[in-house]
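Q: Pasting work26.txt here (compact mmCIF, C-alpha atoms):
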# COMPACT_ATOMS: atom_id res chain seq x y z
CA MET A 1 56.29 95.31 88.16
CA SER A 2 59.81 95.18 89.51
CA ASN A 3 60.94 92.83 86.76
CA MET A 4 59.98 95.12 83.91
CA THR A 5 63.53 96.07 83.03
CA PRO A 6 64.21 95.62 79.32
CA SER A 7 66.31 92.69 78.24
CA LYS A 8 69.76 93.37 76.96
CA GLY A 9 69.38 91.34 73.78
CA LYS A 10 67.70 93.22 70.97
CA GLU A 11 65.78 90.35 69.36
CA GLN A 12 62.59 92.33 68.85
CA PRO A 13 63.07 96.03 68.30
CA GLY A 14 60.31 98.12 69.77
CA LEU A 15 59.20 95.44 72.18
CA ARG A 16 60.73 95.20 75.59
CA TYR A 17 60.67 91.92 77.39
CA PRO A 18 61.31 91.61 81.11
CA SER A 19 64.86 90.46 81.85
CA ASN A 20 63.76 86.99 82.89
CA GLY A 21 61.87 86.62 79.61
CA LYS A 22 58.55 86.09 81.35
CA THR A 23 55.66 88.20 80.20
CA ILE A 24 52.20 88.44 81.69
CA TYR A 25 51.28 85.45 79.51
CA HIS A 26 53.74 83.21 81.30
CA ARG A 27 52.13 83.71 84.67
CA PRO A 28 49.41 81.41 85.93
CA LEU A 29 45.95 82.85 86.44
CA ASN A 30 45.00 80.75 89.41
CA ARG A 31 46.07 82.22 92.67
CA SER A 32 48.21 80.27 95.05
CA LYS A 33 46.93 79.54 98.53
CA THR A 34 48.82 82.21 100.38
CA SER A 35 47.90 85.15 98.24
CA GLU A 36 46.27 87.34 100.83
CA LEU A 37 47.58 90.84 101.01
CA SER A 38 48.56 92.68 104.11
CA GLN A 39 45.73 94.85 105.27
CA ALA A 40 48.15 97.50 106.50
CA SER A 41 49.68 97.94 103.07
CA PHE A 42 46.25 98.05 101.50
CA ALA A 43 45.12 100.69 104.00
CA TYR A 44 48.23 102.73 103.18
CA LEU A 45 47.65 102.48 99.46
CA PHE A 46 43.98 103.24 99.80
CA SER A 47 44.61 106.29 101.93
CA GLU A 48 46.90 107.57 99.18
CA MET A 49 44.20 106.88 96.61
CA VAL A 50 41.64 108.81 98.60
CA GLY A 51 44.16 111.59 99.14
CA TYR A 52 44.87 111.72 95.43
CA ALA A 53 41.20 111.76 94.56
CA SER A 54 40.47 114.53 97.05
CA LYS A 55 42.77 117.03 95.36
CA ARG A 56 41.02 119.98 93.79
CA ILE A 57 37.54 118.62 94.17
CA GLU A 58 34.50 120.81 94.22
CA SER A 59 32.15 118.66 96.21
CA ILE A 60 31.87 115.39 98.06
CA GLN A 61 30.02 113.92 95.08
CA ASP A 62 33.02 114.82 92.99
CA LEU A 63 35.31 112.89 95.29
CA GLU A 64 33.02 109.89 95.36
CA LYS A 65 32.80 109.98 91.61
CA ARG A 66 36.58 109.88 91.33
CA LEU A 67 36.80 106.95 93.70
CA ASN A 68 34.11 105.26 91.68
CA THR A 69 36.10 105.81 88.49
CA GLN A 70 39.17 104.26 90.10
CA GLY A 71 37.23 101.12 90.95
CA HIS A 72 35.42 100.71 87.66
CA PRO A 73 38.20 99.06 85.59
CA ILE A 74 38.92 96.68 88.45
CA GLY A 75 35.36 95.42 88.25
CA LEU A 76 35.60 94.91 84.51
CA LYS A 77 38.73 92.81 84.92
CA LEU A 78 37.56 90.84 87.94
CA LEU A 79 34.42 89.78 86.12
CA ASP A 80 36.39 87.79 83.58
CA LEU A 81 38.95 86.58 86.10
CA LEU A 82 36.35 85.26 88.52
CA LEU A 83 34.44 83.49 85.79
CA HIS A 84 37.64 81.98 84.48
CA ARG A 85 38.41 80.58 87.91
CA GLU A 86 35.03 78.92 88.20
CA PRO A 87 35.02 75.20 87.48
CA ALA A 88 34.03 74.55 83.87
CA ARG A 89 30.62 73.15 84.75
CA THR A 90 29.43 76.20 86.65
CA GLN A 91 31.08 78.68 84.34
CA MET A 92 27.97 80.63 83.42
CA ARG A 93 27.63 84.21 82.35
CA PRO A 94 25.01 85.99 84.46
CA LEU A 95 21.84 86.28 82.40
CA ASN A 96 19.53 88.01 84.86
CA ILE A 97 19.82 90.55 87.64
CA ILE A 98 19.53 88.02 90.43
CA SER A 99 22.35 85.80 89.20
CA LEU A 100 24.51 88.86 88.59
CA LEU A 101 23.95 90.19 92.11
CA HIS A 102 24.53 86.76 93.52
CA LEU A 103 27.86 86.62 91.71
CA ILE A 104 28.77 89.95 93.25
CA LYS A 105 27.65 89.00 96.73
CA GLN A 106 29.39 85.64 96.75
CA GLN A 107 32.33 85.36 94.38
CA LEU A 108 33.33 89.01 94.10
CA TRP A 109 33.07 89.72 97.81
CA THR A 110 34.87 86.53 98.75
CA HIS A 111 37.64 87.34 96.33
CA LEU A 112 38.06 90.90 97.55
CA PHE A 113 37.28 90.68 101.25
CA GLY A 114 37.46 87.01 102.17
CA ARG A 115 33.77 86.69 103.02
CA ALA A 116 30.40 87.08 101.35
CA ALA A 117 28.45 90.32 101.58
CA ASP A 118 26.04 90.57 104.49
CA GLY A 119 22.86 91.15 102.61
CA LEU A 120 21.13 91.52 99.30
CA GLU A 121 17.80 93.28 99.11
CA LYS A 122 15.44 94.53 96.51
CA SER A 123 13.99 97.97 96.97
CA SER A 124 10.69 97.72 98.80
CA ASP A 125 9.40 100.80 97.02
CA PRO A 126 7.23 99.61 94.11
CA ALA A 127 8.04 102.82 92.25
CA ARG A 128 11.70 101.79 92.06
CA PRO A 129 11.86 98.25 90.76
CA ASP A 130 15.28 98.98 89.27
CA GLU A 131 17.02 99.43 92.62
CA TYR A 132 18.78 96.72 94.53
CA MET A 133 20.91 96.92 97.63
CA ILE A 134 24.04 95.06 98.59
CA ILE A 135 24.75 95.43 102.26
CA ASP A 136 28.08 95.24 103.99
CA ASN A 137 28.08 95.66 107.76
CA GLU A 138 31.72 96.51 108.03
CA PRO A 139 33.39 97.44 104.75
CA LEU A 140 37.04 96.55 104.76
CA VAL A 141 38.01 99.69 102.87
CA ASN A 142 36.53 101.89 105.58
CA ARG A 143 38.16 100.20 108.52
CA TYR A 144 40.89 102.79 109.07
CA ILE A 145 39.03 105.76 107.69
CA SER A 146 37.50 108.36 109.91
CA VAL A 147 35.49 110.84 107.95
CA PRO A 148 35.82 114.48 109.07
CA ARG A 149 32.65 116.05 110.42
CA ASP A 150 32.33 118.53 107.57
CA MET A 151 32.44 115.71 105.03
CA SER A 152 29.90 113.54 106.78
CA GLN A 153 28.25 112.53 103.51
CA LEU A 154 31.41 110.91 102.27
CA ASN A 155 31.69 107.17 102.15
CA CYS A 156 34.98 105.96 100.75
CA ALA A 157 33.36 102.68 99.88
CA ALA A 158 32.46 104.55 96.71
CA PHE A 159 35.57 102.79 95.46
CA VAL A 160 33.91 99.43 96.03
CA ALA A 161 30.76 100.81 94.43
CA GLY A 162 32.89 101.52 91.37
CA ILE A 163 34.08 97.92 91.31
CA ILE A 164 30.46 96.72 91.48
CA GLU A 165 29.55 99.13 88.72
CA GLY A 166 32.37 97.74 86.59
CA VAL A 167 31.09 94.20 87.04
CA CYS A 168 27.55 95.26 86.12
CA ASP A 169 28.63 97.27 83.10
CA GLY A 170 30.96 94.54 81.90
CA SER A 171 28.29 91.89 81.91
CA ALA A 172 25.94 94.12 79.90
CA PHE A 173 23.80 95.24 82.84
CA PRO A 174 24.57 98.97 82.82
CA ALA A 175 23.96 100.34 86.29
CA ARG A 176 24.82 103.20 88.58
CA VAL A 177 26.12 102.16 91.95
CA THR A 178 26.49 104.43 94.96
CA ALA A 179 27.63 103.77 98.51
CA HIS A 180 25.65 105.10 101.45
CA SER A 181 26.38 104.93 105.15
CA VAL A 182 23.35 103.89 107.10
CA GLY A 183 24.96 103.13 110.43
CA LYS A 184 24.70 106.63 111.83
CA GLN A 185 21.64 108.63 112.72
CA GLN A 186 21.61 110.41 109.40
CA ALA A 187 18.68 109.75 107.13
CA ALA A 188 19.08 106.63 105.06
CA PRO A 189 18.71 107.08 101.32
CA ALA A 190 15.10 107.14 100.27
CA ALA A 191 14.88 103.61 99.04
CA ALA A 192 17.37 102.00 101.39
CA ASP A 193 16.79 100.00 104.51
CA GLY A 194 13.85 97.96 103.36
CA GLY A 195 14.82 95.21 105.78
CA GLU A 196 12.91 94.65 108.96
CA GLU A 197 15.92 94.45 111.26
CA GLY A 198 16.97 98.02 110.51
CA GLY A 199 16.92 99.57 113.98
CA GLU A 200 18.78 96.82 115.73
CA GLY A 201 21.42 96.46 113.00
CA LYS A 202 22.23 100.15 113.08
CA GLU A 203 23.64 100.15 116.57
CA MET A 204 25.53 96.97 116.10
CA TRP A 205 27.26 98.06 112.90
CA PRO A 206 28.20 101.74 112.93
CA GLY A 207 29.98 101.40 109.60
CA ARG A 208 27.14 99.63 107.86
CA THR A 209 27.17 100.54 104.20
CA VAL A 210 24.53 100.00 101.57
CA PHE A 211 25.54 99.81 97.94
CA LEU A 212 22.59 101.02 95.97
CA VAL A 213 22.55 99.46 92.52
CA LYS A 214 20.28 101.25 90.09
CA PHE A 215 19.98 99.46 86.78
CA ALA A 216 19.39 101.25 83.52
CA PRO A 217 15.85 101.03 82.10
CA GLU A 218 16.95 98.83 79.18
CA VAL A 219 18.12 96.16 81.63
CA LEU A 220 14.66 95.89 83.16
CA GLU A 221 13.10 95.89 79.74
CA ARG A 222 15.27 92.99 78.67
CA GLU A 223 14.67 91.24 81.97
CA SER A 224 10.90 91.30 81.52
CA PHE A 225 11.26 90.18 77.93
CA LEU A 226 13.54 87.29 78.81
CA GLY A 227 11.31 86.29 81.70
CA LYS A 228 8.42 85.69 79.35
CA GLY A 229 10.39 83.83 76.72
CA MET B 1 40.41 73.77 56.16
CA SER B 2 41.14 77.45 56.56
CA TYR B 3 40.38 79.49 59.64
CA TYR B 4 39.90 83.16 60.30
CA PHE B 5 39.76 84.11 63.96
CA ALA B 6 38.75 87.50 65.29
CA ILE B 7 38.10 89.03 68.68
CA VAL B 8 35.34 91.60 68.63
CA GLY B 9 34.88 94.08 71.46
CA THR B 10 31.73 95.26 73.17
CA GLN B 11 31.12 98.00 70.62
CA ASP B 12 31.46 95.54 67.72
CA ASN B 13 34.97 96.82 67.14
CA PRO B 14 37.66 94.36 66.06
CA LEU B 15 40.43 93.91 68.63
CA PHE B 16 42.49 91.13 67.14
CA GLU B 17 42.50 88.98 64.03
CA HIS B 18 44.46 86.00 62.95
CA GLU B 19 44.30 83.75 59.93
CA PHE B 20 45.59 80.22 59.87
CA GLY B 21 45.01 76.78 58.39
CA THR B 22 44.66 73.33 59.79
CA SER B 23 47.69 71.55 61.16
CA LYS B 24 45.92 68.20 61.52
CA GLN B 25 46.24 65.40 58.99
CA GLY B 26 49.49 66.78 57.72
CA GLY B 27 48.18 70.27 57.08
CA ASP B 28 50.87 72.90 56.95
CA GLY B 29 49.00 75.48 59.05
CA MET B 30 48.61 77.85 56.13
CA SER B 31 45.22 79.24 55.25
CA ARG B 32 43.86 78.51 51.80
CA PHE B 33 41.23 81.16 51.35
CA ASN B 34 40.31 82.06 47.85
CA GLU B 35 42.19 85.27 47.16
CA ALA B 36 39.21 86.83 45.42
CA ALA B 37 36.90 86.17 48.36
CA ARG B 38 39.28 86.63 51.25
CA HIS B 39 38.22 90.17 52.02
CA MET B 40 34.70 88.84 52.57
CA ASN B 41 35.79 86.99 55.70
CA GLN B 42 35.54 90.08 57.84
CA PHE B 43 32.07 90.85 56.54
CA ILE B 44 30.84 87.33 57.07
CA LEU B 45 32.24 87.22 60.56
CA HIS B 46 30.81 90.55 61.60
CA SER B 47 27.42 89.83 60.09
CA SER B 48 27.09 86.91 62.49
CA LEU B 49 27.20 89.31 65.43
CA ASP B 50 23.46 89.88 65.13
CA ILE B 51 22.81 86.21 65.68
CA VAL B 52 25.30 86.10 68.54
CA GLU B 53 23.47 88.91 70.29
CA GLU B 54 20.25 86.94 70.10
CA VAL B 55 21.74 83.65 71.20
CA GLN B 56 23.77 85.08 74.06
CA TRP B 57 20.72 85.73 76.22
CA GLY B 58 19.32 82.27 75.72
CA THR B 59 22.18 80.46 77.40
CA GLY B 60 24.66 81.22 80.13
CA HIS B 61 27.34 79.10 78.51
CA MET B 62 30.30 80.92 77.15
CA TYR B 63 30.74 78.64 74.17
CA LEU B 64 27.83 79.28 71.83
CA ARG B 65 28.94 76.59 69.39
CA HIS B 66 28.24 77.01 65.75
CA VAL B 67 26.08 80.11 65.27
CA ASP B 68 26.03 80.99 61.60
CA LYS B 69 26.72 79.69 58.13
CA PHE B 70 27.30 81.54 54.92
CA PHE B 71 27.66 79.22 51.94
CA ASN B 72 30.74 77.22 52.78
CA ASN B 73 31.77 79.34 55.76
CA PHE B 74 30.89 78.18 59.26
CA ILE B 75 31.10 80.50 62.24
CA SER B 76 31.58 79.48 65.85
CA CYS B 77 31.39 81.87 68.73
CA TYR B 78 32.65 82.07 72.29
CA ILE B 79 31.49 84.96 74.42
CA THR B 80 33.40 86.11 77.47
CA ALA B 81 31.97 87.40 80.72
CA GLY B 82 32.91 90.93 79.69
CA ASN B 83 30.85 90.57 76.53
CA THR B 84 33.80 90.28 74.18
CA LYS B 85 33.17 87.87 71.35
CA PHE B 86 35.63 85.37 69.94
CA LEU B 87 34.55 84.45 66.44
CA LEU B 88 36.05 81.70 64.36
CA LEU B 89 35.22 81.33 60.71
CA HIS B 90 36.07 77.94 59.30
CA GLN B 91 35.99 77.12 55.68
CA PRO B 92 36.29 73.46 54.77
CA MET B 93 38.12 72.47 51.62
CA THR B 94 36.18 73.09 48.47
CA PRO B 95 35.40 69.78 46.73
CA ASN B 96 38.08 70.00 44.04
CA SER B 97 40.86 70.99 46.39
CA ALA B 98 39.76 68.24 48.75
CA ALA B 99 40.08 65.81 45.89
CA ALA B 100 43.53 67.16 45.23
CA ALA B 101 44.43 66.57 48.85
CA SER B 102 43.24 63.00 48.20
CA SER B 103 42.76 60.53 51.01
CA ARG B 104 41.41 62.49 53.93
CA ALA B 105 39.30 60.60 56.42
CA SER B 106 35.72 61.82 56.25
CA THR B 107 35.60 61.95 60.04
CA SER B 108 38.42 64.46 60.30
CA ILE B 109 37.50 67.79 61.83
CA ALA B 110 38.53 69.47 58.62
CA ALA B 111 35.83 67.76 56.61
CA ASN B 112 32.92 68.05 59.03
CA PRO B 113 32.54 71.55 60.39
CA THR B 114 29.35 70.70 62.28
CA SER B 115 30.37 67.37 63.80
CA PRO B 116 30.66 67.00 67.58
CA GLN B 117 34.41 66.37 67.26
CA THR B 118 34.85 69.69 65.51
CA GLU B 119 32.76 71.49 68.10
CA GLU B 120 34.88 70.01 70.84
CA ALA B 121 38.11 70.95 69.07
CA VAL B 122 36.88 74.49 68.56
CA ARG B 123 35.85 74.65 72.21
CA ASN B 124 39.33 73.63 73.32
CA PHE B 125 40.80 76.24 71.04
CA PHE B 126 38.53 78.94 72.47
CA VAL B 127 39.18 77.93 76.07
CA GLU B 128 42.90 78.23 75.53
CA VAL B 129 42.51 81.61 73.84
CA TYR B 130 40.24 82.73 76.67
CA GLU B 131 42.90 81.95 79.24
CA ASN B 132 45.34 84.16 77.39
CA TRP B 133 42.67 86.76 76.88
CA VAL B 134 42.07 87.00 80.63
CA LYS B 135 45.81 87.46 81.08
CA THR B 136 45.70 90.27 78.54
CA ILE B 137 42.92 92.15 80.23
CA MET B 138 44.51 91.69 83.65
CA ASN B 139 47.23 94.01 82.40
CA PRO B 140 46.69 97.18 84.41
CA PHE B 141 47.36 99.27 81.34
CA TYR B 142 44.74 97.53 79.28
CA ARG B 143 41.44 99.31 79.00
CA VAL B 144 38.27 97.78 77.64
CA ASN B 145 38.01 97.63 73.84
CA MET B 146 41.68 98.30 73.25
CA GLU B 147 43.32 96.56 70.33
CA VAL B 148 45.61 93.69 71.32
CA ARG B 149 49.01 94.08 69.70
CA SER B 150 51.10 91.76 71.83
CA PRO B 151 53.17 89.39 69.68
CA VAL B 152 53.18 86.94 72.57
CA PHE B 153 49.38 86.83 72.48
CA ARG B 154 49.50 86.15 68.75
CA GLN B 155 52.00 83.35 69.27
CA ARG B 156 49.75 81.84 71.89
CA VAL B 157 46.71 81.97 69.62
CA ALA B 158 48.70 80.42 66.79
CA ALA B 159 49.92 77.68 69.13
CA ALA B 160 46.35 76.94 70.24
CA GLY B 161 45.34 76.74 66.59
CA ARG B 162 48.13 74.30 65.82
CA LYS B 163 47.28 72.22 68.83
CA TYR B 164 43.56 71.75 68.32
CA LEU B 165 42.51 72.69 64.79
For this file, write the structure as structure tokens.

A:
Amino acid sequence: MSNMTPSKGKEQPGLRYPSNGKTIYHRPLNRSKTSELSQASFAYLFSEMVGYASKRIESIQDLEKRLNTQGHPIGLKLLDLLLHREPARTQMRPLNIISLLHLIKQQLWTHLFGRAADGLEKSSDPARPDEYMIIDNEPLVNRYISVPRDMSQLNCAAFVAGIIEGVCDGSAFPARVTAHSVGKQQAAPAAADGGEEGGEGKEMWPGRTVFLVKFAPEVLERESFLGKG
Amino acid sequence: MSYYFAIVGTQDNPLFEHEFGTSKQGGDGMSRFNEAARHMNQFILHSSLDIVEEVQWGTGHMYLRHVDKFFNNFISCYITAGNTKFLLLHQPMTPNSAAAASSRASTSIAANPTSPQTEEAVRNFFVEVYENWVKTIMNPFYRVNMEVRSPVFRQRVAAAGRKYL
């Protein structure tokens, strides 16, 4: 962004080129090897984002919704970027829920956090076939965040949930994604924690977060239709 | 051969359009659509969206090849991960104008819109446009389904057209 100063020459009125003449189209899309960001600067930026989102809110849900909204466009953009970076042979659009969630667990997580997500589960409740869970034992975004006691419901990973939601929406799998902390004693969300190693994992990972992905009914309808055909 | 290229957003809204002609076999890169029928291009292109929406769930590939035909107009489609469609309408020379252009090899991509060579050329064109498209949407100020007005993007699309089609 620092090189966005307009050029002195007035070749194209109305359009401002950066002074070195290089627009976004002149930059390569593939990242170089050393493109990791400093975690300290991210933590600083993220704390400002949370601070910004927490102004004049009425409830915790409100705050989480704002964080979610901040993440959503990132997901939409990353979807295309990640697919573009795939080698041509495996460059496939996700056609079903499983391949979409796999893309999120592997490629998206690796891109954002440098490792794959820790788990992927389907809701064990037969009444909720539209719910899936992506599990992260130690979300990077929450590392330097201590939630005040009176806001104990808050999980700032709602930002990451927004990114996931953006990926789902972008690939035509409209979904609602929410982040829930399950590390503490508090009751896990109704459908969460279908895994068998629940009790043991809880003590080991106090920051364990479950991203509950709830797909829209039309996605399931299409899924069953495509499965037959 | 004349081409009409359009990018259609997720709500079937046009985001970008560009018209050009072939630059191969000494073509001058100008489109030669019939003036009386030119306005139909947009209709023909958009009417193929129904077929695209059916085909897109049958394959995970982004390049859907040649999806539709309307008289002498052939439509190829490339669908991005974010469900944006790139549609290319190609109209080969009509017989009398082809005769006027005289000795064109029958294997040229201009003459055979359904041949494997043409499909490959169109794929290369789409892949190059897709790269620039990803750059466009990586712009932090770009929101989904916004019209693309960048002259640099248009130059890049035109260059890809000159290079492959």

Q: Closest to chain A among B:Thr118, B:Thr59, B:Asn13, B:Asn72, using all atoms listed in the file?

A: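 Among B:Thr118, B:Thr59, B:Asn13, B:Asn72, it is B:Thr59 that comes nearest to chain A.
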
Q: Can you pull out every residue within 7 Å of range 132-135 of chain B, counting only C-alpha atoms, but drop anything in the same chain fewer than 3 positions away, and send it as a ChimeraX atom specification?

A: /A:24-25,80-81 /B:128-129,138-139,153

Q: What are the closest atom pairs, with distances in Å to one decimal, for each residue of chain B lying within 12 Å of chain A, using only C-alpha atoms, rows by chain and rising residue number, as a Markdown table?

A:
| residue | atom | partner | partner_atom | distance |
| --- | --- | --- | --- | --- |
| B:Gly9 | CA | A:Gly170 | CA | 11.2 |
| B:Thr10 | CA | A:Gly170 | CA | 8.8 |
| B:Gln11 | CA | A:Ala172 | CA | 11.3 |
| B:Glu53 | CA | A:Ala172 | CA | 11.2 |
| B:Glu54 | CA | A:Leu226 | CA | 11.0 |
| B:Val55 | CA | A:Leu95 | CA | 11.5 |
| B:Gln56 | CA | A:Leu95 | CA | 8.6 |
| B:Trp57 | CA | A:Leu95 | CA | 6.3 |
| B:Gly58 | CA | A:Leu95 | CA | 8.2 |
| B:Thr59 | CA | A:Leu95 | CA | 7.7 |
| B:Gly60 | CA | A:Met92 | CA | 4.7 |
| B:His61 | CA | A:Met92 | CA | 5.2 |
| B:Met62 | CA | A:Met92 | CA | 6.7 |
| B:Tyr63 | CA | A:Met92 | CA | 9.9 |
| B:Leu64 | CA | A:Arg93 | CA | 11.6 |
| B:Tyr78 | CA | A:Arg93 | CA | 11.4 |
| B:Ile79 | CA | A:Arg93 | CA | 8.9 |
| B:Thr80 | CA | A:Asp80 | CA | 7.0 |
| B:Ala81 | CA | A:Asp80 | CA | 5.3 |
| B:Gly82 | CA | A:Gly170 | CA | 4.7 |
| B:Asn83 | CA | A:Ser171 | CA | 6.1 |
| B:Thr84 | CA | A:Gly170 | CA | 9.3 |
| B:Arg123 | CA | A:Ala88 | CA | 11.8 |
| B:Asn124 | CA | A:Ala88 | CA | 11.8 |
| B:Val127 | CA | A:His84 | CA | 9.5 |
| B:Glu128 | CA | A:His84 | CA | 11.0 |
| B:Val129 | CA | A:Tyr25 | CA | 11.1 |
| B:Tyr130 | CA | A:His84 | CA | 8.3 |
| B:Glu131 | CA | A:His84 | CA | 7.4 |
| B:Asn132 | CA | A:Tyr25 | CA | 6.4 |
| B:Trp133 | CA | A:Tyr25 | CA | 9.1 |
| B:Val134 | CA | A:Leu81 | CA | 6.3 |
| B:Lys135 | CA | A:Tyr25 | CA | 6.0 |
| B:Thr136 | CA | A:Tyr25 | CA | 7.4 |
| B:Ile137 | CA | A:Lys77 | CA | 6.3 |
| B:Met138 | CA | A:Lys77 | CA | 6.0 |
| B:Asn139 | CA | A:Ile24 | CA | 7.5 |
| B:Pro140 | CA | A:Ile74 | CA | 8.8 |
| B:Phe141 | CA | A:Pro73 | CA | 10.1 |
| B:Tyr142 | CA | A:Pro73 | CA | 9.2 |
| B:Arg143 | CA | A:Pro73 | CA | 7.3 |
| B:Val144 | CA | A:Leu76 | CA | 7.9 |
| B:Asn145 | CA | A:Gly170 | CA | 11.1 |
| B:Arg149 | CA | A:Leu15 | CA | 10.6 |
| B:Ser150 | CA | A:Leu15 | CA | 8.9 |
| B:Pro151 | CA | A:Leu15 | CA | 8.9 |
| B:Val152 | CA | A:Tyr25 | CA | 7.3 |
| B:Phe153 | CA | A:Tyr25 | CA | 7.4 |
| B:Arg154 | CA | A:Tyr25 | CA | 10.9 |
| B:Gln155 | CA | A:Tyr25 | CA | 10.5 |
| B:Arg156 | CA | A:Tyr25 | CA | 8.6 |
| B:Val157 | CA | A:Tyr25 | CA | 11.4 |

Q: Could you name the residues that touch Ala40 in chain A at 12 Å or less, counting all atoms listed in the file, but leaving out those on the same chain fewer than 3 positions away, as a list of chain:residue names?

A: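 That gives A:Glu36, A:Leu37, A:Ala43, A:Tyr44, A:Leu45, A:Phe46, A:Ser47, A:Leu140, A:Val141, A:Arg143, A:Tyr144.
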
Q: For CA of Cys156 in chain A and CA of Ala216 in chain A, determine how far apart the two atoms are, in Å to one decimal place.

A: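 Between these atoms lies a distance of 23.7 Å.
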
Q: Would you compute the distance between CA of Lys65 in chain A and CA of Asp130 in chain A? Give it in Å to one decimal.

A: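 Separating CA of Lys65 in chain A from CA of Asp130 in chain A is a distance of 20.8 Å.
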
Q: So the first atom is CA of Leu49 in chain B and the second is CA of Val122 in chain B; what is the distance between them in Å, to one decimal place?

A: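 Rounded to one decimal, the two atoms are 18.0 Å apart.
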
Q: List the spatial neighbours of range 102-105 of chain A as a PyMOL selection string - criterion: any atom at most 8 Å away, all atoms listed in the file, same-chain residues fewer than 2 positions off excluded.

A: chain A and resi 94+98-100+107-110+116-117+119-120+134+164+167

Q: Which one is closest to Asp50 in chain B: B:Glu35, B:Asp12, B:Gly26, B:Phe5? Count all atoms listed in the file.

A: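 Nearest to Asp50 in chain B: B:Asp12.
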
Q: Return the single residue from B:Val52, B:Val67, B:Leu165, B:Ala6 that is closest to Val148 in chain B, with distances computed using all atoms listed in the file.

A: B:Ala6

Q: Would you list the contacts of Gln70 in chain A as a VMD selection string, taking every protein, DNA or RNA residue within 9 Å and counting all atoms listed in the file, but skipping same-chain residues closer than 5 positions in sequence?

A: chain A and resid 49 53 65 159 162 to 163

Q: Tell me, as a PyMOL selection string, which residues lie within 9 Å of Leu154 in chain A, counting all atoms listed in the file; anything in the same chain fewer than 4 positions away does not count.

A: chain A and resi 60-61+63-64+147-148+158+179-181

Q: I need the residue nearest Thr22 in chain B from this list: B:Ala37, B:Ile7, B:Met146, B:Met1. Use only C-alpha atoms for the distance.

A: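 Between B:Ala37, B:Ile7, B:Met146, B:Met1, the residue approaching Thr22 in chain B most closely is B:Met1.
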
Q: Have a look at A:Ser124, A:Ser146, A:Asn137, A:Gln106 and name the one nearest to Thr209 in chain A; count only C-alpha atoms.

A: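 The closest residue to Thr209 in chain A is A:Asn137.
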
Q: Name the residues, using the chain letters and numbers of the file, that sit within 6 Å of (35.2, 80.3, 65.4) when counting only C-alpha atoms, and give them as a PyMOL selection string.

A: chain B and resi 75-77+87-89

Q: Out of B:Tyr3, B:Val8, B:Phe86, B:His46, which residue has the shortest atom-to-atom distance to Phe20 in chain B when counting all atoms listed in the file?

A: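 Between B:Tyr3, B:Val8, B:Phe86, B:His46, the residue approaching Phe20 in chain B most closely is B:Tyr3.
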